[in-house]
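Asks: Just my_file-v6.cif, nothing more (mmCIF, C-alpha atoms):
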data_data
#
loop_
_atom_site.group_PDB
_atom_site.id
_atom_site.type_symbol
_atom_site.label_atom_id
_atom_site.label_comp_id
_atom_site.auth_asym_id
_atom_site.auth_seq_id
_atom_site.Cartn_x
_atom_site.Cartn_y
_atom_site.Cartn_z
ATOM 1 C CA MET T 1 45.202 -59.460 -6.421
ATOM 2 C CA ARG T 2 45.216 -62.996 -7.831
ATOM 3 C CA ILE T 3 42.589 -65.558 -6.933
ATOM 4 C CA ILE T 4 45.035 -67.250 -4.529
ATOM 5 C CA ASP T 5 45.314 -63.977 -2.606
ATOM 6 C CA HIS T 6 41.534 -63.788 -2.331
ATOM 7 C CA LEU T 7 41.500 -67.338 -0.946
ATOM 8 C CA ILE T 8 44.184 -66.531 1.630
ATOM 9 C CA GLN T 9 42.275 -63.384 2.591
ATOM 10 C CA GLN T 10 39.193 -65.497 3.247
ATOM 11 C CA ILE T 11 41.233 -68.003 5.251
ATOM 12 C CA ASN T 12 42.565 -65.183 7.414
ATOM 13 C CA GLU T 13 39.172 -63.545 7.898
ATOM 14 C CA LYS T 14 37.595 -66.826 9.005
ATOM 15 C CA THR T 15 40.800 -68.067 10.718
ATOM 16 C CA CYS T 16 39.896 -71.359 9.119
ATOM 17 C CA PRO T 17 41.852 -73.534 6.641
ATOM 18 C CA VAL T 18 38.828 -75.747 5.868
ATOM 19 C CA VAL T 19 37.146 -76.399 2.529
ATOM 20 C CA VAL T 20 33.816 -78.207 2.605
ATOM 21 C CA GLY T 21 33.004 -80.650 -0.166
ATOM 22 C CA LEU T 22 29.451 -80.208 -1.431
ATOM 23 C CA ASP T 23 29.007 -83.737 -2.737
ATOM 24 C CA PRO T 24 25.264 -84.372 -2.415
ATOM 25 C CA VAL T 25 23.896 -87.913 -2.686
ATOM 26 C CA ILE T 26 20.143 -88.242 -2.983
ATOM 27 C CA GLY T 27 19.944 -91.233 -0.643
ATOM 28 C CA LYS T 28 21.642 -89.338 2.194
ATOM 29 C CA ILE T 29 19.903 -85.980 2.189
ATOM 30 C CA PRO T 30 17.209 -85.364 4.840
ATOM 31 C CA GLU T 31 13.892 -87.110 4.377
ATOM 32 C CA HIS T 32 11.840 -83.933 4.688
ATOM 33 C CA ILE T 33 13.603 -82.470 1.630
ATOM 34 C CA LYS T 34 13.100 -85.613 -0.421
ATOM 35 C CA ASP T 35 9.446 -85.790 0.593
ATOM 36 C CA GLU T 36 8.829 -82.151 -0.327
ATOM 37 C CA TYR T 37 10.256 -82.432 -3.825
ATOM 38 C CA LEU T 38 8.746 -85.838 -4.439
ATOM 39 C CA GLU T 39 5.349 -84.296 -3.806
ATOM 40 C CA ARG T 40 6.017 -81.085 -5.725
ATOM 41 C CA LEU T 41 7.847 -82.403 -8.783
ATOM 42 C CA GLY T 42 7.462 -86.179 -8.769
ATOM 43 C CA ASN T 43 9.806 -89.144 -8.758
ATOM 44 C CA ASN T 44 11.980 -87.962 -11.645
ATOM 45 C CA GLN T 45 15.326 -86.315 -12.336
ATOM 46 C CA LEU T 46 13.903 -82.820 -11.893
ATOM 47 C CA GLY T 47 12.589 -83.673 -8.442
ATOM 48 C CA ALA T 48 15.897 -85.263 -7.444
ATOM 49 C CA THR T 49 18.084 -82.413 -8.702
ATOM 50 C CA GLU T 50 15.907 -79.725 -7.153
ATOM 51 C CA ALA T 51 16.138 -81.581 -3.848
ATOM 52 C CA LEU T 52 19.936 -81.669 -4.163
ATOM 53 C CA LEU T 53 20.014 -77.934 -4.882
ATOM 54 C CA ARG T 54 17.852 -77.179 -1.855
ATOM 55 C CA PHE T 55 20.194 -79.305 0.286
ATOM 56 C CA ASN T 56 23.262 -77.444 -1.029
ATOM 57 C CA LEU T 57 21.739 -74.007 -0.495
ATOM 58 C CA ASP T 58 20.681 -74.804 3.060
ATOM 59 C CA ILE T 59 24.181 -76.067 3.864
ATOM 60 C CA LEU T 60 25.759 -72.967 2.316
ATOM 61 C CA GLU T 61 23.510 -70.636 4.283
ATOM 62 C CA ALA T 62 24.565 -72.311 7.525
ATOM 63 C CA ILE T 63 28.322 -72.579 6.965
ATOM 64 C CA HIS T 64 29.382 -69.692 4.733
ATOM 65 C CA THR T 65 30.282 -67.430 7.662
ATOM 66 C CA VAL T 66 32.816 -69.893 9.093
ATOM 67 C CA ILE T 67 34.642 -71.303 6.027
ATOM 68 C CA PRO T 68 36.653 -69.757 3.186
ATOM 69 C CA ALA T 69 35.839 -72.207 0.400
ATOM 70 C CA VAL T 70 33.722 -75.048 -0.921
ATOM 71 C CA LYS T 71 34.585 -77.841 -3.357
ATOM 72 C CA LEU T 72 32.084 -79.427 -5.722
ATOM 73 C CA GLN T 73 32.750 -82.995 -6.882
ATOM 74 C CA SER T 74 31.484 -82.864 -10.454
ATOM 75 C CA ALA T 75 30.543 -86.568 -10.527
ATOM 76 C CA CYS T 76 27.688 -85.894 -8.103
ATOM 77 C CA TYR T 77 26.204 -83.456 -10.608
ATOM 78 C CA GLU T 78 27.140 -85.046 -13.933
ATOM 79 C CA LEU T 79 25.152 -88.082 -12.810
ATOM 80 C CA TYR T 80 22.030 -86.065 -13.662
ATOM 81 C CA GLY T 81 23.144 -84.727 -17.039
ATOM 82 C CA ALA T 82 21.964 -81.259 -18.015
ATOM 83 C CA LEU T 83 19.800 -80.877 -14.900
ATOM 84 C CA GLY T 84 22.775 -81.760 -12.724
ATOM 85 C CA ALA T 85 24.924 -79.218 -14.560
ATOM 86 C CA GLN T 86 22.344 -76.552 -13.714
ATOM 87 C CA VAL T 87 22.510 -77.476 -10.027
ATOM 88 C CA PHE T 88 26.303 -77.290 -10.203
ATOM 89 C CA GLU T 89 26.178 -73.814 -11.760
ATOM 90 C CA GLN T 90 23.527 -72.543 -9.345
ATOM 91 C CA THR T 91 25.517 -73.828 -6.375
ATOM 92 C CA VAL T 92 28.689 -72.140 -7.669
ATOM 93 C CA GLN T 93 26.855 -68.855 -8.141
ATOM 94 C CA GLN T 94 25.326 -68.882 -4.673
ATOM 95 C CA ALA T 95 28.611 -69.830 -3.000
ATOM 96 C CA GLN T 96 30.409 -66.965 -4.739
ATOM 97 C CA LYS T 97 27.559 -64.591 -3.895
ATOM 98 C CA LEU T 98 28.179 -65.504 -0.252
ATOM 99 C CA GLY T 99 31.873 -64.631 -0.668
ATOM 100 C CA LEU T 100 33.287 -68.148 -0.849
ATOM 101 C CA THR T 101 36.054 -69.425 -3.088
ATOM 102 C CA VAL T 102 34.777 -72.332 -5.211
ATOM 103 C CA ILE T 103 36.760 -75.349 -6.396
ATOM 104 C CA ASP T 104 35.497 -77.386 -9.356
ATOM 105 C CA ASP T 105 36.699 -80.906 -8.586
ATOM 106 C CA SER T 106 36.431 -82.422 -12.053
ATOM 107 C CA LYS T 107 40.035 -83.684 -12.505
ATOM 108 C CA ARG T 108 40.057 -82.882 -16.209
ATOM 109 C CA SER T 109 42.926 -83.749 -18.545
ATOM 110 C CA ASP T 110 43.596 -83.984 -22.266
ATOM 111 C CA ILE T 111 46.069 -82.766 -24.855
ATOM 112 C CA GLY T 112 46.232 -79.977 -27.403
ATOM 113 C CA HIS T 113 42.967 -78.415 -28.529
ATOM 114 C CA SER T 114 40.867 -80.674 -26.257
ATOM 115 C CA ALA T 115 42.737 -79.470 -23.172
ATOM 116 C CA GLU T 116 42.201 -75.879 -24.271
ATOM 117 C CA LEU T 117 38.460 -76.514 -24.551
ATOM 118 C CA TYR T 118 38.307 -78.134 -21.108
ATOM 119 C CA ALA T 119 40.214 -75.201 -19.619
ATOM 120 C CA GLN T 120 38.008 -72.633 -21.324
ATOM 121 C CA GLY T 121 34.821 -74.535 -20.518
ATOM 122 C CA HIS T 122 35.576 -74.803 -16.809
ATOM 123 C CA LEU T 123 37.416 -71.529 -16.210
ATOM 124 C CA GLY T 124 36.903 -69.141 -19.138
ATOM 125 C CA ASP T 125 34.327 -67.352 -21.261
ATOM 126 C CA ILE T 126 31.987 -69.201 -23.639
ATOM 127 C CA PRO T 127 32.565 -68.597 -27.384
ATOM 128 C CA LEU T 128 29.493 -67.488 -29.339
ATOM 129 C CA ILE T 129 28.923 -66.964 -33.053
ATOM 130 C CA GLU T 130 30.210 -63.459 -32.430
ATOM 131 C CA GLY T 131 32.382 -62.780 -29.408
ATOM 132 C CA PHE T 132 32.143 -64.425 -25.998
ATOM 133 C CA GLU T 133 29.692 -64.739 -23.146
ATOM 134 C CA LYS T 134 30.925 -64.282 -19.617
ATOM 135 C CA GLN T 135 29.595 -66.780 -17.099
ATOM 136 C CA LYS T 136 30.138 -67.355 -13.421
ATOM 137 C CA LYS T 137 32.691 -70.145 -13.184
ATOM 138 C CA ALA T 138 34.455 -71.795 -10.284
ATOM 139 C CA ASP T 139 37.611 -70.091 -9.037
ATOM 140 C CA PHE T 140 39.805 -73.195 -9.085
ATOM 141 C CA MET T 141 39.608 -76.626 -10.675
ATOM 142 C CA THR T 142 41.475 -79.893 -10.256
ATOM 143 C CA VAL T 143 43.641 -81.200 -13.098
ATOM 144 C CA ASN T 144 45.075 -84.661 -13.781
ATOM 145 C CA PRO T 145 48.718 -84.454 -14.989
ATOM 146 C CA LEU T 146 49.118 -88.062 -16.178
ATOM 147 C CA LEU T 147 49.141 -87.125 -19.871
ATOM 148 C CA GLY T 148 52.148 -84.860 -19.388
ATOM 149 C CA SER T 149 52.975 -81.162 -19.350
ATOM 150 C CA ASP T 150 51.145 -80.376 -22.591
ATOM 151 C CA SER T 151 47.933 -81.409 -20.849
ATOM 152 C CA ILE T 152 48.592 -78.860 -18.091
ATOM 153 C CA LYS T 153 49.814 -75.836 -20.031
ATOM 154 C CA PRO T 154 46.394 -74.899 -21.494
ATOM 155 C CA PHE T 155 44.952 -74.783 -17.971
ATOM 156 C CA VAL T 156 47.833 -72.604 -16.760
ATOM 157 C CA LYS T 157 47.315 -70.289 -19.734
ATOM 158 C CA GLN T 158 43.598 -70.027 -18.988
ATOM 159 C CA CYS T 159 44.400 -69.207 -15.359
ATOM 160 C CA GLN T 160 46.559 -66.330 -16.556
ATOM 161 C CA THR T 161 43.817 -65.072 -18.876
ATOM 162 C CA SER T 162 40.878 -65.412 -16.482
ATOM 163 C CA ASP T 163 42.574 -64.995 -13.081
ATOM 164 C CA LYS T 164 41.673 -68.525 -12.013
ATOM 165 C CA GLY T 165 43.633 -71.313 -10.337
ATOM 166 C CA ILE T 166 44.185 -75.049 -10.559
ATOM 167 C CA PHE T 167 45.156 -77.834 -8.195
ATOM 168 C CA ILE T 168 47.214 -80.500 -9.968
ATOM 169 C CA LEU T 169 47.005 -84.062 -8.673
ATOM 170 C CA ALA T 170 50.312 -85.051 -7.081
ATOM 171 C CA ARG T 171 49.785 -87.624 -4.295
ATOM 172 C CA THR T 172 46.163 -88.629 -3.999
ATOM 173 C CA SER T 173 44.469 -90.181 -0.988
ATOM 174 C CA ASN T 174 43.033 -93.345 -2.575
ATOM 175 C CA PRO T 175 44.725 -96.622 -1.484
ATOM 176 C CA SER T 176 45.742 -97.820 -4.952
ATOM 177 C CA SER T 177 47.387 -94.491 -5.841
ATOM 178 C CA GLU T 178 50.749 -96.045 -4.982
ATOM 179 C CA GLU T 179 50.486 -98.343 -8.011
ATOM 180 C CA TYR T 180 51.428 -95.393 -10.226
ATOM 181 C CA GLN T 181 52.401 -92.492 -7.987
ATOM 182 C CA LEU T 182 55.171 -94.450 -6.229
ATOM 183 C CA ALA T 183 56.481 -95.966 -9.464
ATOM 184 C CA LYS T 184 60.064 -94.872 -10.058
ATOM 185 C CA ILE T 185 61.015 -92.358 -12.728
ATOM 186 C CA GLY T 186 64.780 -92.649 -12.716
ATOM 187 C CA ASN T 187 65.635 -92.680 -9.017
ATOM 188 C CA GLN T 188 62.544 -90.893 -7.703
ATOM 189 C CA PRO T 189 58.839 -91.734 -7.413
ATOM 190 C CA LEU T 190 56.490 -90.292 -10.019
ATOM 191 C CA PHE T 191 54.681 -88.031 -7.525
ATOM 192 C CA GLN T 192 57.942 -86.206 -6.788
ATOM 193 C CA LYS T 193 58.598 -85.664 -10.500
ATOM 194 C CA ILE T 194 55.084 -84.261 -10.858
ATOM 195 C CA ALA T 195 55.727 -82.012 -7.851
ATOM 196 C CA GLN T 196 58.895 -80.619 -9.432
ATOM 197 C CA ASP T 197 56.904 -79.727 -12.538
ATOM 198 C CA ILE T 198 54.149 -78.162 -10.416
ATOM 199 C CA HIS T 199 56.809 -75.986 -8.810
ATOM 200 C CA GLN T 200 57.890 -74.676 -12.212
ATOM 201 C CA PHE T 201 54.307 -73.962 -13.223
ATOM 202 C CA SER T 202 53.630 -72.277 -9.883
ATOM 203 C CA LEU T 203 56.241 -69.615 -10.567
ATOM 204 C CA GLU T 204 54.154 -68.361 -13.503
ATOM 205 C CA LEU T 205 51.208 -67.214 -11.333
ATOM 206 C CA MET T 206 52.667 -65.939 -8.091
ATOM 207 C CA GLY T 207 50.429 -63.867 -5.858
ATOM 208 C CA GLU T 208 51.119 -61.236 -3.211
ATOM 209 C CA ASN T 209 51.439 -63.734 -0.356
ATOM 210 C CA ASP T 210 54.310 -65.836 -1.742
ATOM 211 C CA PHE T 211 51.840 -68.435 -2.970
ATOM 212 C CA SER T 212 50.772 -69.283 -6.489
ATOM 213 C CA SER T 213 47.393 -69.845 -8.117
ATOM 214 C CA ILE T 214 48.875 -73.168 -9.279
ATOM 215 C CA GLY T 215 48.494 -75.626 -6.409
ATOM 216 C CA ALA T 216 48.660 -79.357 -5.767
ATOM 217 C CA VAL T 217 46.361 -82.097 -4.501
ATOM 218 C CA VAL T 218 48.065 -84.072 -1.719
ATOM 219 C CA GLY T 219 46.169 -86.626 0.358
ATOM 220 C CA ALA T 220 45.899 -86.250 4.121
ATOM 221 C CA LYS T 221 46.764 -89.924 4.615
ATOM 222 C CA TRP T 222 50.393 -89.381 3.624
ATOM 223 C CA PRO T 223 51.999 -87.101 6.285
ATOM 224 C CA LYS T 224 55.522 -88.096 5.204
ATOM 225 C CA GLU T 225 54.816 -87.169 1.605
ATOM 226 C CA LEU T 226 53.105 -83.960 2.713
ATOM 227 C CA LYS T 227 56.359 -82.881 4.338
ATOM 228 C CA GLN T 228 58.416 -83.841 1.287
ATOM 229 C CA LEU T 229 56.114 -81.995 -1.081
ATOM 230 C CA ARG T 230 55.921 -78.909 1.122
ATOM 231 C CA ASN T 231 59.675 -78.596 0.568
ATOM 232 C CA ILE T 232 59.555 -79.369 -3.164
ATOM 233 C CA ILE T 233 56.658 -76.997 -3.918
ATOM 234 C CA PRO T 234 57.049 -74.127 -1.434
ATOM 235 C CA HIS T 235 54.766 -71.727 -3.334
ATOM 236 C CA ALA T 236 51.897 -74.133 -4.071
ATOM 237 C CA TYR T 237 48.794 -74.230 -1.930
ATOM 238 C CA PHE T 238 47.792 -77.807 -1.135
ATOM 239 C CA LEU T 239 44.254 -79.069 -1.502
ATOM 240 C CA VAL T 240 44.259 -81.887 1.061
ATOM 241 C CA PRO T 241 41.494 -84.510 0.800
ATOM 242 C CA GLY T 242 41.139 -87.519 3.080
ATOM 243 C CA TYR T 243 40.298 -85.818 6.377
ATOM 244 C CA GLY T 244 37.375 -87.137 8.412
ATOM 245 C CA ALA T 245 35.396 -89.837 6.660
ATOM 246 C CA GLN T 246 38.534 -91.199 4.980
ATOM 247 C CA GLY T 247 40.312 -91.536 8.313
ATOM 248 C CA ALA T 248 42.970 -88.807 8.425
ATOM 249 C CA THR T 249 43.266 -86.586 11.513
ATOM 250 C CA SER T 250 44.425 -83.053 12.287
ATOM 251 C CA GLN T 251 47.871 -84.369 13.227
ATOM 252 C CA ASP T 252 48.206 -86.037 9.828
ATOM 253 C CA VAL T 253 47.831 -82.786 7.888
ATOM 254 C CA VAL T 254 50.127 -80.463 9.847
ATOM 255 C CA ASN T 255 53.046 -81.159 7.493
ATOM 256 C CA GLY T 256 51.065 -79.626 4.640
ATOM 257 C CA PHE T 257 51.397 -76.185 6.230
ATOM 258 C CA ASN T 258 54.559 -74.108 6.077
ATOM 259 C CA GLU T 259 56.253 -72.680 9.156
ATOM 260 C CA LYS T 260 53.955 -69.644 9.115
ATOM 261 C CA GLY T 261 50.836 -71.797 9.162
ATOM 262 C CA TYR T 262 49.776 -71.371 5.544
ATOM 263 C CA GLY T 263 49.795 -73.480 2.405
ATOM 264 C CA ALA T 264 47.111 -76.100 3.032
ATOM 265 C CA LEU T 265 43.358 -76.179 2.581
ATOM 266 C CA ILE T 266 41.948 -79.241 4.327
ATOM 267 C CA ASN T 267 38.906 -80.808 2.708
ATOM 268 C CA SER T 268 36.083 -82.640 4.409
ATOM 269 C CA SER T 269 32.951 -83.644 2.547
ATOM 270 C CA ARG T 270 30.698 -86.382 3.944
ATOM 271 C CA ALA T 271 31.708 -85.786 7.559
ATOM 272 C CA ILE T 272 30.460 -82.197 7.246
ATOM 273 C CA THR T 273 27.496 -82.262 4.885
ATOM 274 C CA PHE T 274 25.992 -85.403 6.370
ATOM 275 C CA ALA T 275 26.955 -84.623 9.963
ATOM 276 C CA TYR T 276 23.276 -84.776 10.946
ATOM 277 C CA ARG T 277 23.448 -88.543 10.363
ATOM 278 C CA ASP T 278 26.353 -88.915 12.807
ATOM 279 C CA GLU T 279 25.421 -89.797 16.383
ATOM 280 C CA THR T 280 27.736 -87.084 17.691
ATOM 281 C CA TYR T 281 25.612 -84.367 16.106
ATOM 282 C CA SER T 282 22.209 -86.017 15.875
ATOM 283 C CA LYS T 283 22.004 -85.880 19.686
ATOM 284 C CA GLN T 284 22.590 -82.111 19.632
ATOM 285 C CA PHE T 285 20.360 -81.358 16.650
ATOM 286 C CA LYS T 286 17.350 -83.619 17.005
ATOM 287 C CA ASP T 287 15.033 -81.588 14.816
ATOM 288 C CA PRO T 288 15.503 -82.746 11.160
ATOM 289 C CA LEU T 289 15.193 -79.121 10.077
ATOM 290 C CA GLU T 290 18.461 -78.401 11.912
ATOM 291 C CA PHE T 291 20.565 -80.645 9.664
ATOM 292 C CA ALA T 292 22.534 -77.670 8.300
ATOM 293 C CA GLN T 293 23.339 -76.466 11.819
ATOM 294 C CA ALA T 294 24.846 -79.885 12.488
ATOM 295 C CA SER T 295 27.116 -79.265 9.494
ATOM 296 C CA LYS T 296 28.154 -75.901 10.894
ATOM 297 C CA LYS T 297 29.007 -77.456 14.248
ATOM 298 C CA ALA T 298 31.049 -80.148 12.478
ATOM 299 C CA VAL T 299 33.004 -77.404 10.668
ATOM 300 C CA LEU T 300 33.695 -75.580 13.920
ATOM 301 C CA ASP T 301 34.875 -78.798 15.574
ATOM 302 C CA MET T 302 37.170 -79.539 12.630
ATOM 303 C CA ARG T 303 38.523 -75.982 12.708
ATOM 304 C CA GLU T 304 39.255 -76.271 16.440
ATOM 305 C CA ALA T 305 41.081 -79.576 15.938
ATOM 306 C CA LEU T 306 43.202 -78.151 13.112
ATOM 307 C CA LEU T 307 44.089 -74.975 15.010
ATOM 308 C CA ASN T 308 45.066 -76.995 18.072
ATOM 309 C CA ALA T 309 47.298 -79.202 15.936
ATOM 310 C CA LEU T 310 48.913 -76.174 14.299
ATOM 311 C CA SER T 311 49.434 -74.546 17.682
ATOM 312 C CA LYS T 312 51.155 -77.645 19.078
ATOM 313 C CA ALA T 313 53.401 -77.727 16.016
ATOM 314 C CA GLY T 314 54.275 -74.058 16.421
ATOM 315 C CA LYS T 315 52.638 -73.219 13.090
ATOM 316 C CA LEU T 316 49.579 -71.228 14.095
ATOM 317 C CA PRO T 317 49.550 -67.981 12.045
ATOM 318 C CA LEU T 318 50.560 -64.999 14.157
ATOM 319 C CA ASN T 319 47.496 -62.915 13.195
ATOM 320 C CA TRP T 320 45.071 -65.641 14.286
#
Represent the structure of the file as structure tokens.

Replies:
Amino acid sequence: MRIIDHLIQQINEKTCPVVVGLDPVIGKIPEHIKDEYLERLGNNQLGATEALLRFNLDILEAIHTVIPAVKLQSACYELYGALGAQVFEQTVQQAQKLGLTVIDDSKRSDIGHSAELYAQGHLGDIPLIEGFEKQKKADFMTVNPLLGSDSIKPFVKQCQTSDKGIFILARTSNPSSEEYQLAKIGNQPLFQKIAQDIHQFSLELMGENDFSSIGAVVGAKWPKELKQLRNIIPHAYFLVPGYGAQGATSQDVVNGFNEKGYGALINSSRAITFAYRDETYSKQFKDPLEFAQASKKAVLDMREALLNALSKAGKLPLNW
């Protein structure tokens, strides 16, 4: 069983195509957590990072039974250097302990030996003076293809060695993405050329469910492109950012799923993790200690909206 099959198994067990982005920001986490660690550890990086870890672990404890996967935006952790890296690793380990698939959203890219090191560092074993040390790593990571195919091949090779997966950026959700991704290569936009290459890579790591461990990142804000890319890359799972806080709705993402209701993992970060700050949920969960339960309710609401949209489109999986 490849890692993509494990992800699909989790999606089926939870009947939920949602991935939650654990992107903690110190200014937005609950005051009682900040106060506790300020008192215990002081106003320093250690206090801040320990507060972020506590926030992540509380969120995970509340939501792990209803979602298949989490995604960690590495920038939120790299901000704090080595201490942030420890929080990243501890969050990955706890998420996997709870049975979740973990996506390392670091969008790495380079060429030659540097790409090999990035791939090994994020997905493989750590070389020692003698031999290697196995460490808990994320199950998938995001990869930027702009440098060309030789920047992708080392990641694909590492996926084959370590049974990991990658999501390659194809059509991202940020507004200025069109400046490059819609630029013409011959008679087609660049994102379609990238998608054709993703398709070829995807055939190298096919799983048992007709999907590959090589996937694509396609923004929720582009329903037309989602449909085009679903046809170009039939075996790639889509990591779909842009839902919720970025404005996309359940109707916008339906085209990312195939006719059987699979193929897309819809990401929501701020709208889930900071749901306790939203008036919709703050009225239901007035006690600050219930902030993680607000996140769980936000996940369940998102799941319901997605399943309703899939049902209306005739794409709801038969076993759900």

Asks: Which of these, T:Ala313, T:Ile8, T:Ile214, T:Ile29, has the shortest distance to Asp252 of chain T once you count all atoms listed in the file?

Replies: T:Ala313

Asks: Would you mind reading off the distance between atom CA of Ala264 of chain T and atom CA of Glu13 of chain T, one decimal, in Å?

Replies: 15.6 Å

Asks: With all atoms listed in the file as the basis for distance, which of T:Asn267, T:Ser282, T:Asn144, T:Gln196 is at the shortest distance from Ile67 of chain T?

Replies: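 The closest residue to Ile67 of chain T is T:Asn267.
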
Asks: Any chance you could work out the residue set of the PyMOL selection byres ((chain T and resi 201) around 9) here, as a list in words?

Replies: Ile152, Lys153, Val156, Gln196, Asp197, Ile198, His199, Gln200, Ser202, Leu203, Glu204, Leu205, Ser212 and Ile214 of chain T

Asks: Using all atoms listed in the file, pick whichever of T:Lys157, T:His64, T:Lys227, T:Lys137 has the shortest atom-to-atom distance to Ala115 of chain T.

Replies: T:Lys157

Asks: Set the distance at 10 Å and use all atoms listed in the file: which residues neighbour Ala48 of chain T once local chain neighbours fewer than 5 positions away are removed? I'd like the list as a list in words.

Replies: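 Listed by chain and then number, they are Val25, Ile26, Gly27, Ile33, Lys34, Tyr37, Leu38, Leu41, Gly42, Asn43, Leu53, Tyr80, Leu83 and Gly84 of chain T.
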
Asks: Between T:Leu300, T:Val240, T:Gln284, T:Gln251, which has the minimum distance to Thr65 of chain T (counting only C-alpha atoms)?

Replies: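 Distance minimum relative to Thr65 of chain T lands on T:Leu300.
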
Asks: Under the rule that all atoms listed in the file are counted, which of T:His113, T:Lys315, T:Lys71, T:Lys296 is the nearest residue to Ser269 of chain T?

Replies: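 Under the stated criterion, the closest residue is T:Lys71.
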
Asks: Residues within 8 Å of Cys159 of chain T, please, as a list in words. Count only C-alpha atoms; anything in the same chain fewer than 5 positions from it doesn't count.

Replies: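 So, after excluding close chain neighbours, the residues are Leu123, Lys164, Gly165, Ile166 and Ser213 of chain T.
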
Asks: Nearest to Ala292 of chain T among T:Leu57, T:Leu72, T:Ala305, T:Ala170, with distances taken over all atoms listed in the file: which residue is it?

Replies: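 Counting all atoms listed in the file, the residue closest to Ala292 of chain T is T:Leu57.
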
Asks: Rounded to one decimal place, report the atom CA of Lys136 of chain T-atom CA of Leu22 of chain T distance in Å.

Replies: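 Spanning atom CA of Lys136 of chain T to atom CA of Leu22 of chain T is a straight-line distance of 17.6 Å.
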
Asks: Could you tell me, as a VMD selection string, exactly which residues end up selected when the PyMOL selection byres ((chain T and resi 188-194) around 10) is applied to this structure?

Replies: chain T and resid 145 to 146 148 to 149 168 to 172 177 to 178 180 to 187 195 to 199 216 218 225 228 to 229 232 to 233

Asks: I need the output of the PyMOL selection byres ((chain T and resi 254) around 10) for this file as JSON, numbers by chain; which residues are they?

Replies: {"T": [220, 223, 226, 227, 249, 250, 251, 252, 253, 255, 256, 257, 258, 259, 261, 264, 266, 306, 307, 309, 310, 311, 312, 313, 315]}

Asks: Just the number, please: distance in Å from atom CA of Leu265 of chain T to atom CA of Ile4 of chain T, one decimal.

Replies: 11.5 Å

Asks: So that I can check the surroundings of Pro30 of chain T, please list as a VMD selection string every protein, DNA and RNA residue that reaches within 12 Å of it, counting only C-alpha atoms and ignoring chain neighbours fewer than 6 positions away.

Replies: chain T and resid 24 36 to 37 51 to 52 54 to 56 58 to 59 273 to 277 287 to 292

Asks: What's the 7 Å shell around segment 85-90 of chain T, counting all atoms listed in the file, without same-chain residues fewer than 5 positions away, as an mmCIF file with C-alpha atoms, in the frame of the given file?

Replies:
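around.cif, freshly written:
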data_model
loop_
_atom_site.group_PDB
_atom_site.id
_atom_site.type_symbol
_atom_site.label_atom_id
_atom_site.label_comp_id
_atom_site.auth_asym_id
_atom_site.auth_seq_id
_atom_site.Cartn_x
_atom_site.Cartn_y
_atom_site.Cartn_z
ATOM 1 C CA THR T 49 18.084 -82.413 -8.702
ATOM 2 C CA LEU T 53 20.014 -77.934 -4.882
ATOM 3 C CA TYR T 77 26.204 -83.456 -10.608
ATOM 4 C CA GLU T 78 27.140 -85.046 -13.933
#
